[in-house]
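Novice: Hey, dropping run_39.cif in here, mmCIF, C-alpha atoms:
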data_query
#
loop_
_atom_site.label_atom_id
_atom_site.label_comp_id
_atom_site.auth_asym_id
_atom_site.auth_seq_id
_atom_site.Cartn_x
_atom_site.Cartn_y
_atom_site.Cartn_z
CA MET G 1 14.39 46.05 -5.09
CA THR G 2 13.48 42.75 -6.76
CA THR G 3 16.17 40.48 -8.15
CA LYS G 4 15.75 39.35 -11.73
CA LYS G 5 15.00 35.64 -11.97
CA ALA G 6 17.77 33.66 -13.67
CA THR G 7 16.86 32.05 -16.98
CA ILE G 8 18.15 28.99 -18.76
CA LYS G 9 20.10 31.34 -21.06
CA ASP G 10 21.86 32.78 -18.02
CA VAL G 11 22.88 29.29 -16.92
CA ALA G 12 24.15 28.46 -20.43
CA ARG G 13 26.18 31.67 -20.52
CA GLU G 14 27.62 31.03 -17.05
CA ALA G 15 28.53 27.41 -17.86
CA LYS G 16 29.75 28.31 -21.37
CA VAL G 17 27.52 25.75 -23.08
CA SER G 18 24.47 25.87 -25.31
CA VAL G 19 20.91 26.27 -24.05
CA ALA G 20 20.15 22.81 -25.48
CA SER G 21 22.93 21.30 -23.36
CA VAL G 22 21.53 22.91 -20.22
CA SER G 23 18.05 21.62 -21.06
CA ARG G 24 19.28 18.05 -21.64
CA ALA G 25 21.37 18.08 -18.48
CA LEU G 26 18.70 19.42 -16.13
CA ASN G 27 15.97 17.24 -17.64
CA GLY G 28 18.09 14.11 -17.18
CA GLN G 29 18.10 13.35 -20.91
CA GLY G 30 21.85 12.70 -21.13
CA GLY G 31 23.92 13.72 -24.14
CA VAL G 32 26.45 15.71 -22.10
CA THR G 33 29.71 14.64 -20.47
CA ALA G 34 30.02 14.24 -16.71
CA GLU G 35 32.31 17.29 -16.60
CA THR G 36 29.79 19.42 -18.50
CA LEU G 37 26.92 18.19 -16.36
CA ASP G 38 28.81 19.16 -13.22
CA ARG G 39 29.61 22.60 -14.64
CA ILE G 40 25.96 23.18 -15.53
CA ARG G 41 24.77 22.16 -12.07
CA VAL G 42 27.30 24.44 -10.38
CA ALA G 43 26.21 27.35 -12.59
CA ALA G 44 22.52 26.71 -11.92
CA LYS G 45 23.14 26.59 -8.18
CA ARG G 46 25.24 29.75 -8.22
CA LEU G 47 22.52 31.65 -10.10
CA HIS G 48 19.72 30.14 -7.98
CA TYR G 49 18.11 28.94 -11.20
CA ILE G 50 14.65 27.40 -10.79
CA PRO G 51 13.39 25.51 -13.87
CA ASP G 52 10.04 26.58 -15.30
CA ASN G 53 8.17 23.32 -14.85
CA ALA G 54 5.20 24.44 -16.90
CA ALA G 55 7.38 25.31 -19.86
CA ARG G 56 9.43 22.16 -19.43
CA SER G 57 6.24 20.07 -19.42
CA LEU G 58 5.16 21.58 -22.74
CA ILE G 59 8.47 20.57 -24.27
CA THR G 60 8.96 17.15 -22.72
CA ARG G 61 5.26 16.27 -22.35
CA ARG G 62 6.14 15.10 -18.83
CA THR G 63 5.05 16.66 -15.54
CA HIS G 64 7.44 14.58 -13.41
CA THR G 65 4.50 14.05 -11.06
CA ILE G 66 2.80 10.80 -10.04
CA GLY G 67 -0.80 10.60 -8.84
CA ALA G 68 -1.91 8.25 -6.07
CA LEU G 69 -5.59 7.57 -5.35
CA LEU G 70 -6.22 5.81 -2.03
CA PRO G 71 -9.43 4.90 -0.18
CA ASP G 72 -8.32 6.95 2.84
CA LEU G 73 -5.33 8.91 4.11
CA PHE G 74 -5.88 8.11 7.79
CA GLY G 75 -4.10 5.38 9.72
CA GLU G 76 -0.72 3.71 9.81
CA PHE G 77 -1.30 1.48 6.79
CA PHE G 78 -1.82 4.39 4.42
CA SER G 79 0.91 6.55 5.93
CA GLU G 80 3.38 3.67 5.48
CA LEU G 81 2.16 3.03 1.93
CA ILE G 82 2.56 6.72 1.02
CA ARG G 83 6.01 6.75 2.63
CA GLY G 84 7.14 3.85 0.44
CA ILE G 85 5.73 5.45 -2.70
CA ASP G 86 7.21 8.85 -1.91
CA LEU G 87 10.72 7.57 -1.15
CA ALA G 88 10.81 5.66 -4.43
CA ALA G 89 9.38 8.64 -6.34
CA ARG G 90 11.87 11.13 -4.92
CA SER G 91 14.79 8.84 -5.78
CA ARG G 92 13.63 9.18 -9.41
CA GLY G 93 13.08 12.94 -9.31
CA LEU G 94 9.30 12.54 -9.26
CA HIS G 95 6.75 14.41 -7.17
CA LEU G 96 3.69 12.80 -5.58
CA LEU G 97 0.10 14.06 -5.75
CA VAL G 98 -2.21 12.19 -3.37
CA SER G 99 -6.01 12.09 -3.11
CA SER G 100 -8.57 9.90 -1.35
CA SER G 101 -11.90 8.32 -2.29
CA HIS G 102 -13.38 7.26 1.02
CA ASP G 103 -16.79 8.78 0.24
CA GLY G 104 -17.50 6.58 -2.76
CA ALA G 105 -17.13 6.07 -6.50
CA ASP G 106 -18.21 9.61 -7.42
CA GLU G 107 -15.46 11.10 -5.28
CA ALA G 108 -12.93 8.69 -6.78
CA ALA G 109 -14.00 9.70 -10.29
CA THR G 110 -13.72 13.39 -9.41
CA ALA G 111 -10.22 12.88 -8.00
CA LEU G 112 -9.06 11.02 -11.11
CA ARG G 113 -10.44 13.67 -13.45
CA ALA G 114 -8.76 16.41 -11.40
CA MET G 115 -5.38 14.71 -11.79
CA GLN G 116 -5.57 14.18 -15.53
CA GLY G 117 -3.09 16.36 -17.38
CA ARG G 118 -1.20 16.96 -14.13
CA VAL G 119 0.44 13.54 -13.71
CA ASP G 120 2.54 11.19 -15.83
CA GLY G 121 1.07 8.07 -14.24
CA MET G 122 -1.39 6.85 -11.61
CA LEU G 123 -1.25 4.47 -8.67
CA ILE G 124 -4.74 3.41 -7.61
CA LEU G 125 -5.88 1.53 -4.52
CA SER G 126 -9.63 1.91 -4.25
CA PRO G 127 -12.55 -0.47 -3.64
CA TRP G 128 -14.61 1.57 -6.10
CA VAL G 129 -12.37 0.94 -9.09
CA ASP G 130 -13.29 -1.80 -11.53
CA GLU G 131 -12.86 -2.14 -15.30
CA ALA G 132 -16.02 -0.17 -16.11
CA PHE G 133 -14.92 2.62 -13.76
CA LEU G 134 -11.51 2.83 -15.43
CA GLU G 135 -13.00 2.86 -18.92
CA ALA G 136 -15.26 5.75 -17.94
CA ASN G 137 -12.76 7.85 -16.01
CA MET G 138 -9.21 7.09 -17.17
CA PRO G 139 -7.55 7.83 -20.51
CA GLY G 140 -6.26 4.55 -21.87
CA GLU G 141 -2.80 5.92 -22.65
CA LEU G 142 -2.03 7.06 -19.08
CA PRO G 143 0.31 4.56 -17.35
CA THR G 144 -1.56 3.09 -14.40
CA VAL G 145 -0.82 0.52 -11.70
CA LEU G 146 -3.62 -0.89 -9.56
CA ILE G 147 -2.82 -2.04 -6.02
CA ASN G 148 -4.81 -4.89 -4.42
CA SER G 149 -7.38 -5.13 -7.17
CA PRO G 150 -9.31 -7.96 -8.86
CA VAL G 151 -9.25 -6.13 -12.23
CA GLN G 152 -7.89 -8.23 -15.10
CA GLY G 153 -5.91 -7.08 -18.13
CA ARG G 154 -4.26 -4.13 -16.34
CA SER G 155 -0.99 -3.65 -14.49
CA VAL G 156 -1.85 -4.95 -11.00
CA LEU G 157 0.22 -5.45 -7.85
CA ASN G 158 -1.51 -7.54 -5.18
CA ILE G 159 -0.49 -8.92 -1.82
CA ASP G 160 -1.42 -12.52 -1.13
CA ASN G 161 -4.30 -11.74 1.23
CA ARG G 162 -5.81 -15.18 0.84
CA GLY G 163 -2.57 -17.09 1.44
CA GLY G 164 -1.57 -14.91 4.38
CA ALA G 165 -4.92 -15.37 6.12
CA TYR G 166 -4.79 -19.10 5.46
CA ALA G 167 -1.30 -19.33 6.98
CA MET G 168 -2.25 -17.38 10.12
CA THR G 169 -5.40 -19.45 10.65
CA GLU G 170 -3.39 -22.66 10.23
CA HIS G 171 -0.85 -21.39 12.75
CA LEU G 172 -3.51 -20.53 15.34
CA LEU G 173 -5.12 -23.95 14.96
CA ARG G 174 -2.22 -26.35 14.49
CA THR G 175 0.79 -24.70 16.13
CA ALA G 176 -0.70 -22.48 18.82
CA GLY G 177 -3.25 -25.19 19.55
CA HIS G 178 -6.46 -23.12 19.66
CA LYS G 179 -9.55 -25.25 19.05
CA ASP G 180 -11.85 -22.61 17.61
CA ILE G 181 -11.22 -19.19 16.10
CA ALA G 182 -13.50 -16.24 15.47
CA PHE G 183 -12.87 -13.95 12.51
CA ILE G 184 -13.52 -10.20 12.37
CA ALA G 185 -14.26 -9.50 8.71
CA GLY G 186 -13.51 -6.36 6.74
CA PRO G 187 -15.98 -4.17 4.83
CA ALA G 188 -18.29 -5.77 2.27
CA GLY G 189 -17.20 -5.32 -1.32
CA ASN G 190 -13.56 -4.75 -0.38
CA PHE G 191 -11.19 -7.02 -2.35
CA ASP G 192 -8.63 -7.34 0.46
CA ALA G 193 -11.33 -8.16 3.01
CA GLU G 194 -12.96 -10.75 0.77
CA GLN G 195 -9.66 -12.51 0.05
CA ARG G 196 -8.68 -12.58 3.73
CA GLU G 197 -12.02 -14.04 4.74
CA LEU G 198 -11.71 -16.63 1.99
CA GLY G 199 -8.28 -17.70 3.30
CA PHE G 200 -9.71 -18.01 6.82
CA ARG G 201 -12.67 -20.08 5.59
CA GLU G 202 -10.44 -22.43 3.59
CA ALA G 203 -8.07 -23.07 6.51
CA MET G 204 -10.96 -23.66 8.93
CA LYS G 205 -12.56 -26.10 6.51
CA LYS G 206 -9.32 -28.05 6.14
CA PHE G 207 -7.97 -28.06 9.70
CA ALA G 208 -11.11 -27.66 11.85
CA PRO G 209 -14.08 -28.83 9.76
CA GLN G 210 -16.08 -29.73 12.86
CA VAL G 211 -15.97 -26.16 14.25
CA PRO G 212 -18.85 -23.86 13.17
CA LEU G 213 -17.64 -20.69 11.47
CA ASN G 214 -17.76 -17.67 13.75
CA ILE G 215 -17.50 -14.48 11.67
CA VAL G 216 -18.46 -11.02 12.91
CA ALA G 217 -18.65 -7.85 10.84
CA GLY G 218 -16.02 -5.12 10.82
CA SER G 219 -14.96 -2.18 8.66
CA PHE G 220 -11.15 -2.03 9.00
CA THR G 221 -11.38 0.65 11.76
CA GLU G 222 -10.37 0.49 15.43
CA GLU G 223 -13.94 1.33 16.43
CA SER G 224 -15.38 -1.59 14.44
CA GLY G 225 -12.80 -3.90 16.02
CA TYR G 226 -13.78 -2.66 19.47
CA HIS G 227 -17.49 -3.32 18.82
CA ALA G 228 -16.69 -6.73 17.29
CA GLY G 229 -14.69 -7.61 20.40
CA ARG G 230 -17.60 -6.66 22.66
CA GLU G 231 -19.92 -8.74 20.49
CA LEU G 232 -17.64 -11.76 20.82
CA LEU G 233 -17.55 -11.34 24.59
CA LYS G 234 -21.36 -11.64 24.69
CA GLN G 235 -21.36 -15.02 22.94
CA ALA G 236 -22.37 -17.98 25.10
CA HIS G 237 -19.30 -19.87 23.97
CA ARG G 238 -16.31 -17.58 23.65
CA PRO G 239 -13.74 -18.53 21.00
CA ALA G 240 -10.23 -19.48 22.01
CA ALA G 241 -8.72 -17.00 19.57
CA VAL G 242 -9.74 -14.07 17.38
CA PHE G 243 -8.25 -13.29 13.99
CA ALA G 244 -8.99 -9.73 12.84
CA ALA G 245 -8.81 -9.00 9.10
CA ASN G 246 -6.52 -6.03 9.77
CA ASP G 247 -4.39 -4.70 12.61
CA MET G 248 -6.51 -1.62 13.25
CA MET G 249 -9.48 -3.84 14.14
CA ALA G 250 -7.19 -6.02 16.25
CA VAL G 251 -6.15 -2.92 18.20
CA GLY G 252 -9.78 -2.04 18.92
CA CYS G 253 -10.56 -5.64 19.83
CA LEU G 254 -7.59 -5.76 22.22
CA TYR G 255 -8.92 -2.69 24.01
CA ALA G 256 -12.38 -4.30 24.36
CA PHE G 257 -10.83 -7.41 25.90
CA LYS G 258 -8.69 -5.43 28.34
CA GLU G 259 -11.67 -3.25 29.26
CA ALA G 260 -13.56 -6.44 30.16
CA GLY G 261 -10.67 -7.64 32.35
CA LEU G 262 -9.53 -10.44 30.01
CA GLN G 263 -5.88 -11.37 29.63
CA VAL G 264 -4.44 -11.68 26.13
CA PRO G 265 -3.39 -14.34 25.28
CA GLY G 266 -4.19 -16.08 28.60
CA ASP G 267 -7.97 -15.82 28.30
CA MET G 268 -8.24 -15.25 24.57
CA ALA G 269 -5.61 -15.12 21.83
CA LEU G 270 -5.56 -12.44 19.13
CA ALA G 271 -4.00 -11.88 15.71
CA GLY G 272 -4.23 -9.24 13.00
CA PHE G 273 -3.17 -8.59 9.42
CA ASP G 274 -0.84 -5.95 7.84
CA ASP G 275 1.90 -5.55 10.49
CA ILE G 276 1.48 -1.80 10.89
CA PRO G 277 4.46 -0.20 12.72
CA ILE G 278 2.66 0.06 16.06
CA ALA G 279 1.78 -3.67 16.11
CA ARG G 280 5.04 -4.75 17.73
CA TYR G 281 4.83 -2.00 20.37
CA LEU G 282 1.40 -2.90 21.71
CA SER G 283 1.13 -4.57 25.11
CA PRO G 284 1.32 -7.44 24.48
CA PRO G 285 2.92 -7.22 21.00
CA LEU G 286 0.46 -8.21 18.25
CA SER G 287 0.86 -11.36 16.19
CA THR G 288 0.00 -10.49 12.62
CA VAL G 289 0.46 -11.20 8.93
CA SER G 290 3.30 -9.01 7.71
CA VAL G 291 2.93 -7.50 4.24
CA HIS G 292 5.81 -4.95 4.34
CA ILE G 293 3.60 -1.97 3.59
CA ALA G 294 6.29 0.54 2.61
CA GLU G 295 7.83 -2.06 0.30
CA LEU G 296 4.44 -2.51 -1.35
CA GLY G 297 4.39 1.22 -2.08
CA ARG G 298 7.95 1.18 -3.37
CA ASN G 299 7.28 -1.80 -5.65
CA ALA G 300 4.16 -0.14 -7.03
CA LEU G 301 6.08 3.05 -7.88
CA GLU G 302 8.92 1.09 -9.47
CA ARG G 303 6.44 -0.84 -11.59
CA LEU G 304 4.74 2.41 -12.68
CA SER G 305 8.09 4.01 -13.51
CA ALA G 306 9.02 1.01 -15.66
CA GLN G 307 5.68 1.20 -17.44
CA MET G 308 6.13 4.94 -18.08
CA ASP G 309 9.54 4.24 -19.63
CA GLY G 310 8.19 1.40 -21.75
CA ARG G 311 10.16 -1.24 -19.82
CA GLN G 312 7.15 -3.18 -18.53
CA PRO G 313 3.82 -4.24 -20.08
CA SER G 314 0.61 -2.61 -18.91
CA ASP G 315 -1.27 -5.90 -18.40
CA ARG G 316 0.87 -7.82 -15.92
CA THR G 317 -0.26 -9.03 -12.48
CA ASP G 318 2.18 -9.73 -9.65
CA VAL G 319 1.43 -11.17 -6.21
CA LEU G 320 3.65 -10.28 -3.26
CA GLY G 321 4.00 -12.89 -0.54
CA CYS G 322 3.22 -12.45 3.15
CA ALA G 323 4.90 -13.77 6.29
CA ILE G 324 3.25 -14.38 9.64
CA ALA G 325 4.89 -12.53 12.52
CA VAL G 326 4.43 -14.59 15.69
CA ARG G 327 4.42 -12.37 18.77
CA GLU G 328 2.82 -12.65 22.20
CA THR G 329 -0.90 -12.15 21.51
CA CYS G 330 -1.47 -15.44 19.68
CA GLY G 331 -0.23 -17.53 22.59
CA GLY G 332 1.86 -19.77 20.36
CA SER G 333 5.49 -20.77 20.52
CA ARG G 334 7.88 -18.08 19.26
CA ASP G 335 9.92 -20.63 17.31
CA ALA G 336 6.80 -21.50 15.31
CA SER G 337 7.27 -18.36 13.22
CA SER G 338 9.78 -19.90 10.85
CA LYS G 339 7.69 -23.06 10.44
CA ASN G 340 4.57 -21.21 9.35
CA THR G 341 5.97 -18.53 7.07
CA TYR G 342 4.01 -18.17 3.87
CA GLN G 343 5.93 -16.21 1.25
CA PRO G 344 4.76 -16.92 -2.29
CA ALA G 345 5.83 -14.61 -5.10
CA ARG G 346 3.80 -15.14 -8.23
CA THR G 347 3.57 -13.37 -11.54
CA SER G 348 0.92 -13.92 -14.18
CA ASP G 349 0.91 -12.43 -17.63
CA PRO G 350 -2.40 -12.66 -19.47
#
Take the structure in the file and give it back as structure tokens.

Specialist:
Amino acid sequence: MTTKKATIKDVAREAKVSVASVSRALNGQGGVTAETLDRIRVAAKRLHYIPDNAARSLITRRTHTIGALLPDLFGEFFSELIRGIDLAARSRGLHLLVSSSHDGADEAATALRAMQGRVDGMLILSPWVDEAFLEANMPGELPTVLINSPVQGRSVLNIDNRGGAYAMTEHLLRTAGHKDIAFIAGPAGNFDAEQRELGFREAMKKFAPQVPLNIVAGSFTEESGYHAGRELLKQAHRPAAVFAANDMMAVGCLYAFKEAGLQVPGDMALAGFDDIPIARYLSPPLSTVSVHIAELGRNALERLSAQMDGRQPSDRTDVLGCAIAVRETCGGSRDASSKNTYQPARTSDP
């Protein structure tokens, strides 16, 4: 025998209030006393009442769901980013709908179109997204926050890729004392990768102008870091240190060095960027630029929530600072960490 599903009228009858009061209370709209709210919640729990989200969305015009479009869902960076977004969303009673766009702009466009009408706002981190892409694929009224994007005139939250890479390069040269540094670059056309390479180039030009630039290609994957490491080992003059544009490539590079019998940092120093959770547990622990990935996700969700509620403009750009984490692989002094911390926090409003 099936049990009849409780309705909002049943909850109102049980709590001895109006249907409108139940609706306001369960939708978080206020307008009821704390005592009444508690009575309604107890009644709903006793009756095992499950709100009809579809009907509620028609009334409130809200789905209580946030969309997140990322370039990939694989790896510690993205799992940490999603964790930060999800924790902040759940604390606000919001659900998270996640999709990826690693196969290109067409896939990103398809994912965005699929989410329209199903989400109250979008978080987007994608190398394929520029202003023309947004104009073609996003309704202008949908609250949107871009993460690590060069797009102007939108709500954007960036990490200081350029400043963080500059600070790590300066540390390797001036504090750790390495004379020349090779750089493993990220994928072409990627905003994060371009900014990190720019920071490396600027620091090399300022602090080691006599050293020829040594940049090898990578794609932000462990495999590309491994192949880059093997390529560096074949060079006639091996660099004293290697700075990988992200930690995943540093992990692959570390494996290539160990496979070749090199000691890190004794034979060659190594540093990465992102400070993924596993970085400190490698052997030896990886020096890196820490960007507090979960916090980035949380800040992005908080910014989107404020925009949805009309508490924040939709055309503001913020830059979150980085801090270098000095561990064993860079071969520098541990007490140098505090001297070379780079933590700017900038906001620009067009």

Novice: Hey, what's within 8 Å of range 287-298 of chain G if we count all atoms listed in the file and toss same-chain stuff fewer than 6 positions away? As a compact mmCIF listing (two decimals) with C-alpha atoms, in the coordinates of the input, please?

Specialist:
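part-v2.txt written:
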# COMPACT_ATOMS: atom_id res chain seq x y z
CA PHE G 77 -1.30 1.48 6.79
CA GLU G 80 3.38 3.67 5.48
CA LEU G 81 2.16 3.03 1.93
CA ILE G 82 2.56 6.72 1.02
CA ARG G 83 6.01 6.75 2.63
CA GLY G 84 7.14 3.85 0.44
CA ILE G 85 5.73 5.45 -2.70
CA ASP G 86 7.21 8.85 -1.91
CA LEU G 87 10.72 7.57 -1.15
CA ALA G 88 10.81 5.66 -4.43
CA ILE G 159 -0.49 -8.92 -1.82
CA GLY G 164 -1.57 -14.91 4.38
CA ALA G 165 -4.92 -15.37 6.12
CA MET G 168 -2.25 -17.38 10.12
CA ASP G 247 -4.39 -4.70 12.61
CA LEU G 270 -5.56 -12.44 19.13
CA ALA G 271 -4.00 -11.88 15.71
CA GLY G 272 -4.23 -9.24 13.00
CA PHE G 273 -3.17 -8.59 9.42
CA ASP G 274 -0.84 -5.95 7.84
CA ASP G 275 1.90 -5.55 10.49
CA ILE G 276 1.48 -1.80 10.89
CA ALA G 279 1.78 -3.67 16.11
CA ARG G 280 5.04 -4.75 17.73
CA GLY G 321 4.00 -12.89 -0.54
CA CYS G 322 3.22 -12.45 3.15
CA ALA G 323 4.90 -13.77 6.29
CA ILE G 324 3.25 -14.38 9.64
CA ALA G 325 4.89 -12.53 12.52
CA VAL G 326 4.43 -14.59 15.69
CA ARG G 327 4.42 -12.37 18.77
CA GLU G 328 2.82 -12.65 22.20
CA THR G 329 -0.90 -12.15 21.51
CA CYS G 330 -1.47 -15.44 19.68

Novice: Run through the PyMOL selection byres ((chain G and resi 111) around 12) on the given coordinates and return the selected residues as number ranges by chain.

Specialist: G: 67-71, 97-110, 112-116, 118, 122, 124, 126, 137-138

Novice: Under the rule that only C-alpha atoms are counted, which of G:Leu47, G:Ile147, G:Val19, G:Ala176 is the nearest residue to Asp318 in chain G?

Specialist: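 For Asp318 in chain G, the nearest of the candidates is G:Ile147.
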
Novice: Could you check the closest approach to Leu233 in chain G for each of G:Ala245, G:Val32, G:Ala12, G:Val216 and tell me which residue wins, using all atoms listed in the file?

Specialist: G:Val216

Novice: Take CA of His178 in chain G and CA of Ala240 in chain G and report the distance between them in Å, one decimal.

Specialist: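 Computed distance, CA of His178 in chain G to CA of Ala240 in chain G, equals 5.7 Å.
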
Novice: Could you check the closest approach to Ser79 in chain G for each of G:Gly261, G:Gly331, G:Pro277, G:Gly121 and tell me which residue wins, using only C-alpha atoms?

Specialist: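 Among G:Gly261, G:Gly331, G:Pro277, G:Gly121, it is G:Pro277 that comes nearest to Ser79 in chain G.
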
Novice: Considering all atoms listed in the file, can you say which of G:Ile66, G:Ala208, G:Ile8, G:Leu125 comes closest to Pro143 in chain G?

Specialist: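 With all atoms listed in the file as the atom set, the closest residue is G:Ile66.
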
Novice: Using all atoms listed in the file, which of the listed residues (G:Leu73, G:Ala260, G:Leu213, G:Ala300) sits closest to Lys234 in chain G?

Specialist: G:Ala260

Novice: Please, what distance in Å, to one decimal, runs between CA of Ala44 in chain G and CA of Val119 in chain G?

Specialist: 25.8 Å

Novice: May I have the centre and edge lengths, in Å to one decimal, of an axis-aligned box around the listed atoms of range 184-195 of chain G with 6 Å added to every side, as lines of an AutoDock Vina configuration file?

Specialist:
center_x = -13.5
center_y = -8.3
center_z = 5.0
size_x = 21.7
size_y = 20.3
size_z = 26.7

Novice: At what distance in Å, to one decimal, does CA of Pro150 in chain G lie from CA of Glu131 in chain G?

Specialist: 9.4 Å

Novice: Would you mind telling me which residue in G:Ile215, G:Ala167, G:Leu96, G:Leu123 lies nearest to Leu146 in chain G when using only C-alpha atoms?

Specialist: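 When distances to Leu146 in chain G are compared using only C-alpha atoms, the smallest one comes from G:Leu123.
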
Novice: I need the residue set behind the PyMOL selection byres ((chain G and resi 155) around 9) for this file; please write it as JSON, numbers by chain.

Specialist: {"G": [143, 144, 145, 146, 147, 151, 152, 153, 154, 156, 157, 303, 304, 307, 313, 314, 315, 316, 317, 318]}

Novice: Taking the point (22.9, 21.9, -25.6) as given in the file, collect each protein or nucleic acid residue that comes within 12 Å of it, counting all atoms listed in the file, and present the set as a list in words.

Specialist: Ile8, Lys9, Val11, Ala12, Arg13, Ala15, Lys16, Val17, Ser18, Val19, Ala20, Ser21, Val22, Ser23, Arg24, Ala25, Leu26, Asn27, Gln29, Gly30, Gly31, Val32, Thr33, Thr36, Leu37 and Ile40 of chain G
